[in-house]
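*Asks:* The structure follows.
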There are 2 protein chains.
Amino acid sequence: MNQKWIVANYPTGPVQTDDLTYTSSLLPPLAENMIRVRTIYLSIDPTNRVWLLKKDTYLPSIELGDVMRGVCIGKVEESNHSHYKPGDLVQGMWGWQTYHISNGDDLIPLPILPALPLTAHFGLLGHVGISAWYGMLEIGKPSAGETVVISAASGAVGSLAGQIAKMQGARVVGIAGSEEKCRRITQDLHFDSAINYTKESVAESLKKHCPNGIDVYFDNVGGQLLDTVLESINDFGRIVACGMISMYNYPNQGITFTNLGNLVMRRVLLKGFICLDHWEYAEQVYTDLIKWHQQGKLHYQVDVVHGLENAPSALQMLFDGANKGKLMIKVSEENE
Amino acid sequence: MNQKWIVANYPTGPVQTDDLTYTSSLLPPLAENMIRVRTIYLSIDPTNRVWLLKKDTYLPSIELGDVMRGVCIGKVEESNHSHYKPGDLVQGMWGWQTYHISNGDDLIPLPILPALPLTAHFGLLGHVGISAWYGMLEIGKPSAGETVVISAASGAVGSLAGQIAKMQGARVVGIAGSEEKCRRITQDLHFDSAINYTKESVAESLKKHCPNGIDVYFDNVGGQLLDTVLESINDFGRIVACGMISMYNYPNQGITFTNLGNLVMRRVLLKGFICLDHWEYAEQVYTDLIKWHQQGKLHYQVDVVHGLENAPSALQMLFDGANKGKLMIKVSEENE
């Protein structure tokens, strides 16, 4: 039996119970050249909500009745394909289901990481790692002494991006949504300061913590905060537009800018990017991230929710700020 | 006597009669190593209004009581400086006055352009030419077949930028504020189409004239139009943030965006720039622009208002869209 989540409706706000339907189907006998993969981990990401929009975005809209899209790690259970054998670990976007039947074209063999658990492929590497590395080093490009501000700074991407900026010698200020998250990024991850947006005026705290202005803004949330940061952006500042989670439930909500003119006056570069476009960096990124992690300079945290049946409520955790570290579903045991 | 316009107040909206004061002072005898320059042309630019803000922008705010800042062309009348002799043509930012006493540090000798009138230094070259060339070729970078949209398309910078994009093989759509301007850019400058924003829904017309979306937006106006363009921006689109004239009279006016998410989803690059930062391109830019002009591929138009006393009303023409081509004041005759 293949358990799966089917898209029943396109939500128009936060995902509701009847937008996704949990169902199952019989797995057919495996045909020639095909591979059966058992899902071990399913990544839960803010962009999952983007994929539930009725309109195409950077990926096509999911058809109603189709399995919900998601990034997965799995193990080959049975293979009629010459390149894959039972026990091989693979990654792919086969979505919110316990099994995947593939011809191999949509599978990426996972590199063997002797010193790291399987969850590192979501917490440190993969789309999260590439987003943090590429966004910070190829767009943000902080120099020693520059000031970097990161929103959703305790999140999967933000926490890596901030530590990478620290390694460049930058002063790093994180914005997060609880005292616990703020403590984590300053005490455990050595950010220079943290702003709790639920308790402080971000505009005032940015002025306090960024006395020399903001050179790089690594933005994971979008929305009104982008305008607030624009007020303090420096000449030749860079804005890394990595994500806009604050807007994903209401993508056409109006956001009012009063500091738009600074884009010209301060010669700002703003660059949106999607990690899928930059997978050619993976080898270099993995080498760097694993090395930094082993040197104790790059920490990551995972938040593992058990059971595919909990995927929709886990997705909502991201929007409530309830997760602690990279969120994923453990769909089955690595070794069954 | 030196006639000049003094900044009396920082305007909080359109420049009012009492914000600038026309006055005069006696020119002292010329000291050792000093140069006296007679102003011939004064450039009138949207950014003049930015310079009248109370706060610093990319240049310091003008002190109340100081001469209004402006880009000028002039002729050396008397010189005690070994590098300058009477009759030399120079450019500089000595502002809205009929004479300038300089030690030479703030003067740029004008290159000799045998086939071009002096006004070409404002209409084709100088800050206008560098803005159009740099913005389109170094930020916008349109490829053959791509669609380029230009706001204030009949203006000094926009009209050059559009013609430069045409030379790259792009499809060019201009947005302008009158039927006459639209006719000029399509008939005289061979833009592919024009949108009269005073008569049409720009959003609808953009969809009609850009059936394949927008790859490059060369923005001279900012404001709500930027959001409208974002609706139709293509994947990997580039936004050249050259100016935001629609916002200069009310720089803190809120602009509501409903298409902000496309910055990420469509991996947009937005880059603000100021031509003063790119003067090192001048030689290359001048070579290109003069060559293209001589080949008949790059036209420019100047709108010359006579008399320094008319400078404030000329500045207002820019905001009313009343000028036709690059606006400047003829302060004195080239050969007196």
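Labels for the structure tokens follow display order: chains A, B, ..., residues from 1 in each chain, ligands from 1.
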Using only C-alpha atoms, what table do you get, as JSON lines, when you list each residue of chain B with an atom no more than 7 Å from chain A, its nearest pair of atoms, and their distance in Å rounded to one decimal, rows by chain then rising number?

*Replies:*
{"residue": "B:Thr57", "atom": "CA", "partner": "A:Met265", "partner_atom": "CA", "distance": 6.0}
{"residue": "B:Tyr58", "atom": "CA", "partner": "A:Met265", "partner_atom": "CA", "distance": 5.5}
{"residue": "B:Ala241", "atom": "CA", "partner": "A:Val264", "partner_atom": "CA", "distance": 5.9}
{"residue": "B:Cys242", "atom": "CA", "partner": "A:Val264", "partner_atom": "CA", "distance": 6.5}
{"residue": "B:Gly243", "atom": "CA", "partner": "A:Val264", "partner_atom": "CA", "distance": 6.5}
{"residue": "B:Met244", "atom": "CA", "partner": "A:Gly261", "partner_atom": "CA", "distance": 6.8}
{"residue": "B:Pro251", "atom": "CA", "partner": "A:Gly261", "partner_atom": "CA", "distance": 6.9}
{"residue": "B:Asn252", "atom": "CA", "partner": "A:Thr258", "partner_atom": "CA", "distance": 5.0}
{"residue": "B:Gln253", "atom": "CA", "partner": "A:Thr258", "partner_atom": "CA", "distance": 5.8}
{"residue": "B:Gly254", "atom": "CA", "partner": "A:Thr258", "partner_atom": "CA", "distance": 4.7}
{"residue": "B:Ile255", "atom": "CA", "partner": "A:Phe257", "partner_atom": "CA", "distance": 5.1}
{"residue": "B:Thr256", "atom": "CA", "partner": "A:Thr256", "partner_atom": "CA", "distance": 4.2}
{"residue": "B:Phe257", "atom": "CA", "partner": "A:Ile255", "partner_atom": "CA", "distance": 5.1}
{"residue": "B:Thr258", "atom": "CA", "partner": "A:Gly254", "partner_atom": "CA", "distance": 4.7}
{"residue": "B:Asn259", "atom": "CA", "partner": "A:Asn252", "partner_atom": "CA", "distance": 6.6}
{"residue": "B:Gly261", "atom": "CA", "partner": "A:Met244", "partner_atom": "CA", "distance": 6.8}
{"residue": "B:Leu263", "atom": "CA", "partner": "A:Gly272", "partner_atom": "CA", "distance": 5.3}
{"residue": "B:Val264", "atom": "CA", "partner": "A:Gly272", "partner_atom": "CA", "distance": 4.1}
{"residue": "B:Met265", "atom": "CA", "partner": "A:Tyr58", "partner_atom": "CA", "distance": 5.5}
{"residue": "B:Arg266", "atom": "CA", "partner": "A:Tyr58", "partner_atom": "CA", "distance": 6.5}
{"residue": "B:Arg267", "atom": "CA", "partner": "A:Gly272", "partner_atom": "CA", "distance": 4.2}
{"residue": "B:Val268", "atom": "CA", "partner": "A:Gly272", "partner_atom": "CA", "distance": 5.2}
{"residue": "B:Leu269", "atom": "CA", "partner": "A:Lys271", "partner_atom": "CA", "distance": 4.5}
{"residue": "B:Leu270", "atom": "CA", "partner": "A:Leu270", "partner_atom": "CA", "distance": 5.0}
{"residue": "B:Lys271", "atom": "CA", "partner": "A:Leu269", "partner_atom": "CA", "distance": 4.5}
{"residue": "B:Gly272", "atom": "CA", "partner": "A:Val264", "partner_atom": "CA", "distance": 4.1}
{"residue": "B:Phe273", "atom": "CA", "partner": "A:Arg267", "partner_atom": "CA", "distance": 4.6}
{"residue": "B:Ile274", "atom": "CA", "partner": "A:Arg267", "partner_atom": "CA", "distance": 6.7}

*Asks:* Can you write out the residues you just picked, keeping N, CA, C and O atoms, as an mmCIF file, in the first residue's frame?

*Replies:*
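The file below, part-v9.cif, is the result:
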data_model
loop_
_atom_site.group_PDB
_atom_site.id
_atom_site.type_symbol
_atom_site.label_atom_id
_atom_site.label_comp_id
_atom_site.auth_asym_id
_atom_site.auth_seq_id
_atom_site.Cartn_x
_atom_site.Cartn_y
_atom_site.Cartn_z
ATOM 1 N N THR B 57 21.166 62.432 0.211
ATOM 2 C CA THR B 57 20.850 61.260 -0.612
ATOM 3 C C THR B 57 22.192 60.739 -1.130
ATOM 4 O O THR B 57 23.099 60.524 -0.338
ATOM 5 N N TYR B 58 22.314 60.543 -2.430
ATOM 6 C CA TYR B 58 23.611 60.107 -2.945
ATOM 7 C C TYR B 58 24.605 61.262 -2.994
ATOM 8 O O TYR B 58 25.798 61.047 -3.202
ATOM 9 N N ALA B 241 16.859 50.213 -12.219
ATOM 10 C CA ALA B 241 16.256 51.297 -11.441
ATOM 11 C C ALA B 241 17.109 52.544 -11.625
ATOM 12 O O ALA B 241 18.050 52.797 -10.879
ATOM 13 N N CYS B 242 16.780 53.307 -12.659
ATOM 14 C CA CYS B 242 17.580 54.476 -13.051
ATOM 15 C C CYS B 242 17.071 55.726 -12.361
ATOM 16 O O CYS B 242 17.850 56.587 -11.959
ATOM 17 N N GLY B 243 15.756 55.828 -12.227
ATOM 18 C CA GLY B 243 15.182 57.012 -11.597
ATOM 19 C C GLY B 243 13.763 56.731 -11.163
ATOM 20 O O GLY B 243 13.169 55.724 -11.540
ATOM 21 N N MET B 244 13.232 57.613 -10.311
ATOM 22 C CA MET B 244 11.874 57.422 -9.792
ATOM 23 C C MET B 244 11.160 58.768 -9.757
ATOM 24 O O MET B 244 10.654 59.180 -8.711
ATOM 25 N N PRO B 251 8.672 61.950 -1.597
ATOM 26 C CA PRO B 251 9.548 60.777 -1.525
ATOM 27 C C PRO B 251 9.110 59.743 -0.497
ATOM 28 O O PRO B 251 9.537 58.599 -0.583
ATOM 29 N N ASN B 252 8.279 60.103 0.465
ATOM 30 C CA ASN B 252 7.872 59.115 1.469
ATOM 31 C C ASN B 252 6.447 58.620 1.270
ATOM 32 O O ASN B 252 5.880 57.962 2.129
ATOM 33 N N GLN B 253 5.907 58.944 0.113
ATOM 34 C CA GLN B 253 4.568 58.460 -0.221
ATOM 35 C C GLN B 253 4.585 56.930 -0.278
ATOM 36 O O GLN B 253 5.516 56.330 -0.807
ATOM 37 N N GLY B 254 3.561 56.302 0.281
ATOM 38 C CA GLY B 254 3.493 54.850 0.237
ATOM 39 C C GLY B 254 3.136 54.337 -1.153
ATOM 40 O O GLY B 254 2.267 54.899 -1.815
ATOM 41 N N ILE B 255 3.839 53.314 -1.582
ATOM 42 C CA ILE B 255 3.557 52.658 -2.860
ATOM 43 C C ILE B 255 3.203 51.209 -2.535
ATOM 44 O O ILE B 255 4.002 50.509 -1.903
ATOM 45 N N THR B 256 2.025 50.787 -2.941
ATOM 46 C CA THR B 256 1.553 49.462 -2.551
ATOM 47 C C THR B 256 1.861 48.429 -3.632
ATOM 48 O O THR B 256 1.482 48.594 -4.789
ATOM 49 N N PHE B 257 2.572 47.399 -3.220
ATOM 50 C CA PHE B 257 2.952 46.322 -4.141
ATOM 51 C C PHE B 257 2.072 45.103 -3.899
ATOM 52 O O PHE B 257 1.892 44.683 -2.754
ATOM 53 N N THR B 258 1.562 44.540 -4.971
ATOM 54 C CA THR B 258 0.834 43.272 -4.862
ATOM 55 C C THR B 258 1.560 42.168 -5.626
ATOM 56 O O THR B 258 1.133 41.021 -5.595
ATOM 57 N N ASN B 259 2.638 42.522 -6.303
ATOM 58 C CA ASN B 259 3.369 41.533 -7.094
ATOM 59 C C ASN B 259 4.803 41.347 -6.611
ATOM 60 O O ASN B 259 5.677 40.898 -7.355
ATOM 61 N N GLY B 261 6.075 39.215 -4.624
ATOM 62 C CA GLY B 261 6.529 37.825 -4.616
ATOM 63 C C GLY B 261 7.226 37.409 -5.899
ATOM 64 O O GLY B 261 8.083 36.521 -5.892
ATOM 65 N N LEU B 263 9.485 38.873 -7.387
ATOM 66 C CA LEU B 263 10.929 39.108 -7.309
ATOM 67 C C LEU B 263 11.653 37.789 -7.034
ATOM 68 O O LEU B 263 12.709 37.519 -7.613
ATOM 69 N N VAL B 264 11.090 36.966 -6.151
ATOM 70 C CA VAL B 264 11.689 35.668 -5.853
ATOM 71 C C VAL B 264 11.275 34.629 -6.902
ATOM 72 O O VAL B 264 12.124 33.981 -7.516
ATOM 73 N N MET B 265 9.966 34.506 -7.096
ATOM 74 C CA MET B 265 9.450 33.427 -7.947
ATOM 75 C C MET B 265 10.039 33.485 -9.362
ATOM 76 O O MET B 265 10.275 32.472 -9.983
ATOM 77 N N ARG B 266 10.253 34.710 -9.844
ATOM 78 C CA ARG B 266 10.780 34.845 -11.218
ATOM 79 C C ARG B 266 12.260 35.231 -11.204
ATOM 80 O O ARG B 266 12.808 35.620 -12.215
ATOM 81 N N ARG B 267 12.880 35.124 -10.060
ATOM 82 C CA ARG B 267 14.338 35.316 -9.921
ATOM 83 C C ARG B 267 14.777 36.626 -10.561
ATOM 84 O O ARG B 267 15.687 36.673 -11.417
ATOM 85 N N VAL B 268 14.118 37.707 -10.146
ATOM 86 C CA VAL B 268 14.350 39.006 -10.763
ATOM 87 C C VAL B 268 15.602 39.662 -10.176
ATOM 88 O O VAL B 268 15.877 39.553 -8.982
ATOM 89 N N LEU B 269 16.341 40.317 -11.028
ATOM 90 C CA LEU B 269 17.424 41.208 -10.599
ATOM 91 C C LEU B 269 16.909 42.634 -10.680
ATOM 92 O O LEU B 269 16.442 43.061 -11.741
ATOM 93 N N LEU B 270 16.989 43.359 -9.581
ATOM 94 C CA LEU B 270 16.677 44.791 -9.590
ATOM 95 C C LEU B 270 17.935 45.509 -9.118
ATOM 96 O O LEU B 270 18.495 45.173 -8.075
ATOM 97 N N LYS B 271 18.380 46.493 -9.908
ATOM 98 C CA LYS B 271 19.623 47.181 -9.539
ATOM 99 C C LYS B 271 19.433 48.679 -9.682
ATOM 100 O O LYS B 271 19.127 49.161 -10.775
ATOM 101 N N GLY B 272 19.589 49.381 -8.575
ATOM 102 C CA GLY B 272 19.610 50.825 -8.637
ATOM 103 C C GLY B 272 21.007 51.313 -8.962
ATOM 104 O O GLY B 272 21.992 50.685 -8.583
ATOM 105 N N PHE B 273 21.078 52.428 -9.671
ATOM 106 C CA PHE B 273 22.418 52.956 -9.983
ATOM 107 C C PHE B 273 22.330 54.463 -10.155
ATOM 108 O O PHE B 273 21.266 55.024 -10.406
ATOM 109 N N ILE B 274 23.478 55.097 -10.009
ATOM 110 C CA ILE B 274 23.633 56.545 -10.189
ATOM 111 C C ILE B 274 24.814 56.725 -11.138
ATOM 112 O O ILE B 274 25.887 56.161 -10.905
#

*Asks:* Just want the 7 Å neighbourhood of Val331 of chain A, counted on only C-alpha atoms, with same-chain residues fewer than 3 positions away dropped. Output as number ranges by chain.

*Replies:* A: 39-42, 98, 306-308

*Asks:* For Arg49 of chain B, find every residue with an atom within 10 Å (counting only C-alpha atoms), except residues of its own chain fewer than 3 positions away, and show them as a ChimeraX atom specification.

*Replies:* /B:10-11,13-15,44-46,52-53,245,248-249,315-316,319

*Asks:* Tell me which of A:Gln168, A:Thr17, A:Gln163, A:Ser332 sits closest to Ala144 of chain A, counting only C-alpha atoms.

*Replies:*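 Under the stated criterion, the closest residue is A:Gln168.
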
*Asks:* Pick out the closest residue to His83 of chain A from this set: A:Met68, A:Ile108, A:Met328, A:Ile62. Count only C-alpha atoms.

*Replies:*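 Checking each of A:Met68, A:Ile108, A:Met328, A:Ile62 against His83 of chain A, counting only C-alpha atoms, the winner is A:Ile108.
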
*Asks:* Smallest atom-to-atom distance to Gln295 of chain A: which of A:Ile73, A:Met167, A:Ala322, A:Leu226, using only C-alpha atoms?

*Replies:*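 Closest candidate: A:Met167.
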
*Asks:* Residues of segment 205-297 of chain A classed as helix (DSSP H, G or I) by DSSP on the backbone are to be reported as a PyMOL selection string.

*Replies:* chain A and resi 205-209+224-232+245-247+262-265+275-294

*Asks:* Identify, with DSSP run on backbone atoms, the residues in segment 64-234 of chain A assigned to strand (DSSP E or B), and express the list as an mmCIF file with N, CA, C and O atoms, in the first residue's frame.

*Replies:*
data_model
loop_
_atom_site.group_PDB
_atom_site.id
_atom_site.type_symbol
_atom_site.label_atom_id
_atom_site.label_comp_id
_atom_site.auth_asym_id
_atom_site.auth_seq_id
_atom_site.Cartn_x
_atom_site.Cartn_y
_atom_site.Cartn_z
ATOM 1 N N VAL A 67 -0.618 13.950 -6.212
ATOM 2 C CA VAL A 67 0.088 13.876 -4.929
ATOM 3 C C VAL A 67 0.755 15.223 -4.645
ATOM 4 O O VAL A 67 1.303 15.857 -5.558
ATOM 5 N N CYS A 72 12.137 14.619 -1.092
ATOM 6 C CA CYS A 72 12.187 13.388 -0.305
ATOM 7 C C CYS A 72 13.567 12.745 -0.353
ATOM 8 O O CYS A 72 14.321 12.910 -1.318
ATOM 9 N N ILE A 73 13.827 12.003 0.695
ATOM 10 C CA ILE A 73 14.955 11.076 0.713
ATOM 11 C C ILE A 73 14.362 9.683 0.886
ATOM 12 O O ILE A 73 13.420 9.494 1.672
ATOM 13 N N GLY A 74 14.898 8.735 0.140
ATOM 14 C CA GLY A 74 14.356 7.387 0.248
ATOM 15 C C GLY A 74 15.397 6.333 -0.049
ATOM 16 O O GLY A 74 16.559 6.624 -0.352
ATOM 17 N N LYS A 75 14.948 5.100 0.101
ATOM 18 C CA LYS A 75 15.833 3.955 -0.127
ATOM 19 C C LYS A 75 15.204 3.054 -1.179
ATOM 20 O O LYS A 75 13.992 2.804 -1.154
ATOM 21 N N VAL A 76 16.017 2.596 -2.102
ATOM 22 C CA VAL A 76 15.537 1.666 -3.132
ATOM 23 C C VAL A 76 15.220 0.337 -2.452
ATOM 24 O O VAL A 76 16.074 -0.246 -1.785
ATOM 25 N N GLU A 77 13.969 -0.115 -2.614
ATOM 26 C CA GLU A 77 13.558 -1.399 -2.043
ATOM 27 C C GLU A 77 13.635 -2.514 -3.070
ATOM 28 O O GLU A 77 13.955 -3.651 -2.743
ATOM 29 N N GLU A 78 13.293 -2.176 -4.301
ATOM 30 C CA GLU A 78 13.305 -3.180 -5.361
ATOM 31 C C GLU A 78 13.670 -2.452 -6.643
ATOM 32 O O GLU A 78 13.235 -1.313 -6.864
ATOM 33 N N SER A 79 14.478 -3.075 -7.472
ATOM 34 C CA SER A 79 14.910 -2.389 -8.680
ATOM 35 C C SER A 79 15.017 -3.352 -9.848
ATOM 36 O O SER A 79 15.632 -4.411 -9.741
ATOM 37 N N LEU A 89 20.511 4.816 -1.487
ATOM 38 C CA LEU A 89 19.815 6.004 -0.980
ATOM 39 C C LEU A 89 19.694 7.038 -2.104
ATOM 40 O O LEU A 89 20.670 7.286 -2.836
ATOM 41 N N VAL A 90 18.520 7.616 -2.234
ATOM 42 C CA VAL A 90 18.258 8.559 -3.328
ATOM 43 C C VAL A 90 17.456 9.757 -2.808
ATOM 44 O O VAL A 90 16.792 9.690 -1.779
ATOM 45 N N GLN A 91 17.549 10.836 -3.572
ATOM 46 C CA GLN A 91 16.761 12.031 -3.282
ATOM 47 C C GLN A 91 15.920 12.373 -4.502
ATOM 48 O O GLN A 91 16.297 12.043 -5.632
ATOM 49 N N GLY A 92 14.796 13.013 -4.299
ATOM 50 C CA GLY A 92 13.955 13.421 -5.422
ATOM 51 C C GLY A 92 12.742 14.178 -4.935
ATOM 52 O O GLY A 92 12.586 14.418 -3.730
ATOM 53 N N GLN A 97 4.271 10.952 -0.195
ATOM 54 C CA GLN A 97 3.777 9.582 -0.279
ATOM 55 C C GLN A 97 4.848 8.639 0.270
ATOM 56 O O GLN A 97 6.031 8.976 0.323
ATOM 57 N N TYR A 99 5.724 5.643 -0.896
ATOM 58 C CA TYR A 99 6.497 4.932 -1.922
ATOM 59 C C TYR A 99 6.502 5.732 -3.217
ATOM 60 O O TYR A 99 5.605 6.543 -3.473
ATOM 61 N N HIS A 100 7.504 5.430 -4.025
ATOM 62 C CA HIS A 100 7.623 6.100 -5.325
ATOM 63 C C HIS A 100 8.110 5.085 -6.348
ATOM 64 O O HIS A 100 9.090 4.374 -6.106
ATOM 65 N N ILE A 101 7.388 4.998 -7.454
ATOM 66 C CA ILE A 101 7.813 4.138 -8.565
ATOM 67 C C ILE A 101 8.457 5.036 -9.613
ATOM 68 O O ILE A 101 7.815 5.986 -10.093
ATOM 69 N N SER A 102 9.715 4.761 -9.949
ATOM 70 C CA SER A 102 10.488 5.673 -10.802
ATOM 71 C C SER A 102 11.198 4.902 -11.901
ATOM 72 O O SER A 102 11.583 3.739 -11.717
ATOM 73 N N ILE A 108 18.121 11.386 -7.651
ATOM 74 C CA ILE A 108 19.531 11.794 -7.502
ATOM 75 C C ILE A 108 20.147 10.849 -6.472
ATOM 76 O O ILE A 108 19.676 10.794 -5.331
ATOM 77 N N PRO A 109 21.184 10.059 -6.851
ATOM 78 C CA PRO A 109 21.848 9.222 -5.848
ATOM 79 C C PRO A 109 22.434 10.120 -4.762
ATOM 80 O O PRO A 109 23.020 11.161 -5.060
ATOM 81 N N THR A 147 27.867 44.763 7.672
ATOM 82 C CA THR A 147 26.742 44.342 8.503
ATOM 83 C C THR A 147 25.734 43.572 7.658
ATOM 84 O O THR A 147 25.287 44.057 6.618
ATOM 85 N N VAL A 148 25.403 42.374 8.140
ATOM 86 C CA VAL A 148 24.454 41.503 7.453
ATOM 87 C C VAL A 148 23.240 41.319 8.355
ATOM 88 O O VAL A 148 23.381 40.981 9.534
ATOM 89 N N VAL A 149 22.059 41.528 7.812
ATOM 90 C CA VAL A 149 20.812 41.267 8.542
ATOM 91 C C VAL A 149 20.112 40.077 7.893
ATOM 92 O O VAL A 149 20.091 39.966 6.658
ATOM 93 N N ILE A 150 19.583 39.188 8.736
ATOM 94 C CA ILE A 150 18.925 37.982 8.239
ATOM 95 C C ILE A 150 17.556 37.864 8.892
ATOM 96 O O ILE A 150 17.454 37.937 10.128
ATOM 97 N N SER A 151 16.530 37.679 8.081
ATOM 98 C CA SER A 151 15.196 37.442 8.638
ATOM 99 C C SER A 151 14.957 35.935 8.704
ATOM 100 O O SER A 151 15.589 35.166 7.975
ATOM 101 N N ARG A 171 29.555 41.393 10.545
ATOM 102 C CA ARG A 171 28.729 41.542 11.743
ATOM 103 C C ARG A 171 27.329 41.088 11.338
ATOM 104 O O ARG A 171 26.754 41.569 10.369
ATOM 105 N N VAL A 172 26.759 40.114 12.093
ATOM 106 C CA VAL A 172 25.497 39.496 11.678
ATOM 107 C C VAL A 172 24.406 39.745 12.720
ATOM 108 O O VAL A 172 24.581 39.440 13.903
ATOM 109 N N VAL A 173 23.296 40.295 12.254
ATOM 110 C CA VAL A 173 22.139 40.573 13.095
ATOM 111 C C VAL A 173 20.974 39.732 12.582
ATOM 112 O O VAL A 173 20.619 39.804 11.398
ATOM 113 N N GLY A 174 20.416 38.930 13.475
ATOM 114 C CA GLY A 174 19.308 38.063 13.078
ATOM 115 C C GLY A 174 17.981 38.560 13.607
ATOM 116 O O GLY A 174 17.908 39.092 14.717
ATOM 117 N N ILE A 175 16.944 38.384 12.813
ATOM 118 C CA ILE A 175 15.582 38.706 13.235
ATOM 119 C C ILE A 175 14.826 37.391 13.369
ATOM 120 O O ILE A 175 14.827 36.577 12.437
ATOM 121 N N ALA A 176 14.222 37.166 14.538
ATOM 122 C CA ALA A 176 13.511 35.910 14.766
ATOM 123 C C ALA A 176 12.288 36.183 15.649
ATOM 124 O O ALA A 176 12.104 37.303 16.145
ATOM 125 N N SER A 193 23.975 39.983 17.142
ATOM 126 C CA SER A 193 22.795 40.334 17.939
ATOM 127 C C SER A 193 21.547 39.793 17.276
ATOM 128 O O SER A 193 21.576 39.349 16.128
ATOM 129 N N ALA A 194 20.472 39.828 18.038
ATOM 130 C CA ALA A 194 19.207 39.272 17.577
ATOM 131 C C ALA A 194 18.088 40.235 17.915
ATOM 132 O O ALA A 194 18.132 40.927 18.936
ATOM 133 N N ILE A 195 17.094 40.268 17.046
ATOM 134 C CA ILE A 195 15.923 41.117 17.247
ATOM 135 C C ILE A 195 14.698 40.209 17.283
ATOM 136 O O ILE A 195 14.464 39.448 16.339
ATOM 137 N N ASN A 196 13.945 40.278 18.362
ATOM 138 C CA ASN A 196 12.704 39.511 18.492
ATOM 139 C C ASN A 196 11.568 40.371 17.945
ATOM 140 O O ASN A 196 11.108 41.298 18.612
ATOM 141 N N ILE A 214 23.060 48.807 7.027
ATOM 142 C CA ILE A 214 22.955 47.411 6.598
ATOM 143 C C ILE A 214 23.574 47.268 5.209
ATOM 144 O O ILE A 214 23.193 47.973 4.281
ATOM 145 N N ASP A 215 24.523 46.365 5.096
ATOM 146 C CA ASP A 215 25.162 46.140 3.794
ATOM 147 C C ASP A 215 24.513 44.986 3.033
ATOM 148 O O ASP A 215 24.427 45.023 1.809
ATOM 149 N N VAL A 216 24.118 43.950 3.764
ATOM 150 C CA VAL A 216 23.486 42.794 3.133
ATOM 151 C C VAL A 216 22.236 42.434 3.925
ATOM 152 O O VAL A 216 22.284 42.348 5.153
ATOM 153 N N TYR A 217 21.133 42.242 3.210
ATOM 154 C CA TYR A 217 19.920 41.732 3.858
ATOM 155 C C TYR A 217 19.571 40.408 3.193
ATOM 156 O O TYR A 217 19.280 40.359 2.000
ATOM 157 N N PHE A 218 19.652 39.339 3.980
ATOM 158 C CA PHE A 218 19.279 38.012 3.485
ATOM 159 C C PHE A 218 17.834 37.794 3.905
ATOM 160 O O PHE A 218 17.536 37.569 5.073
ATOM 161 N N ASP A 219 16.940 37.897 2.932
ATOM 162 C CA ASP A 219 15.512 37.977 3.248
ATOM 163 C C ASP A 219 14.813 36.642 3.015
ATOM 164 O O ASP A 219 14.751 36.146 1.893
ATOM 165 N N ILE A 233 19.313 50.595 4.667
ATOM 166 C CA ILE A 233 20.264 49.947 3.748
ATOM 167 C C ILE A 233 21.370 50.934 3.386
ATOM 168 O O ILE A 233 21.135 52.137 3.273
ATOM 169 N N ASN A 234 22.563 50.426 3.247
ATOM 170 C CA ASN A 234 23.706 51.279 2.894
ATOM 171 C C ASN A 234 23.856 51.444 1.386
ATOM 172 O O ASN A 234 23.309 50.669 0.606
#

*Asks:* Go through A:Asp227, A:Asp105, A:Ile112, A:Phe122 and flag the residue nearest Ala203 of chain A, using only C-alpha atoms for the distances.

*Replies:*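 Among A:Asp227, A:Asp105, A:Ile112, A:Phe122, it is A:Asp227 that comes nearest to Ala203 of chain A.
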
*Asks:* Between atom CA of Ala314 of chain B and atom CA of Asp188 of chain B, what is the distance in Å, rounded to a tenth?

*Replies:*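 Separation between atom CA of Ala314 of chain B and atom CA of Asp188 of chain B: 24.7 Å.
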
*Asks:* Give me, as a list in words, all polymer residues having an atom no more than 12 Å from Glu204 of chain B, counting only C-alpha atoms and skipping those fewer than 4 positions away in the same chain.

*Replies:*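 The contact residues come out as Ile195, Asn196, Tyr197, Lys199, Glu200, Lys208, His209, Cys210, Pro211, Thr228, Val229, Glu231 and Ser232 of chain B.
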
*Asks:* Could you check the closest approach to Pro312 of chain A for each of A:Trp51, A:Ile329, A:Leu160, A:Pro86 and tell me which residue wins, using only C-alpha atoms?

*Replies:* A:Ile329

*Asks:* What does the distance from atom CA of Asn220 of chain B to atom CA of Ala161 of chain B come to in Å, to one decimal?

*Replies:*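 Calculated distance between atom CA of Asn220 of chain B and atom CA of Ala161 of chain B is 10.5 Å.
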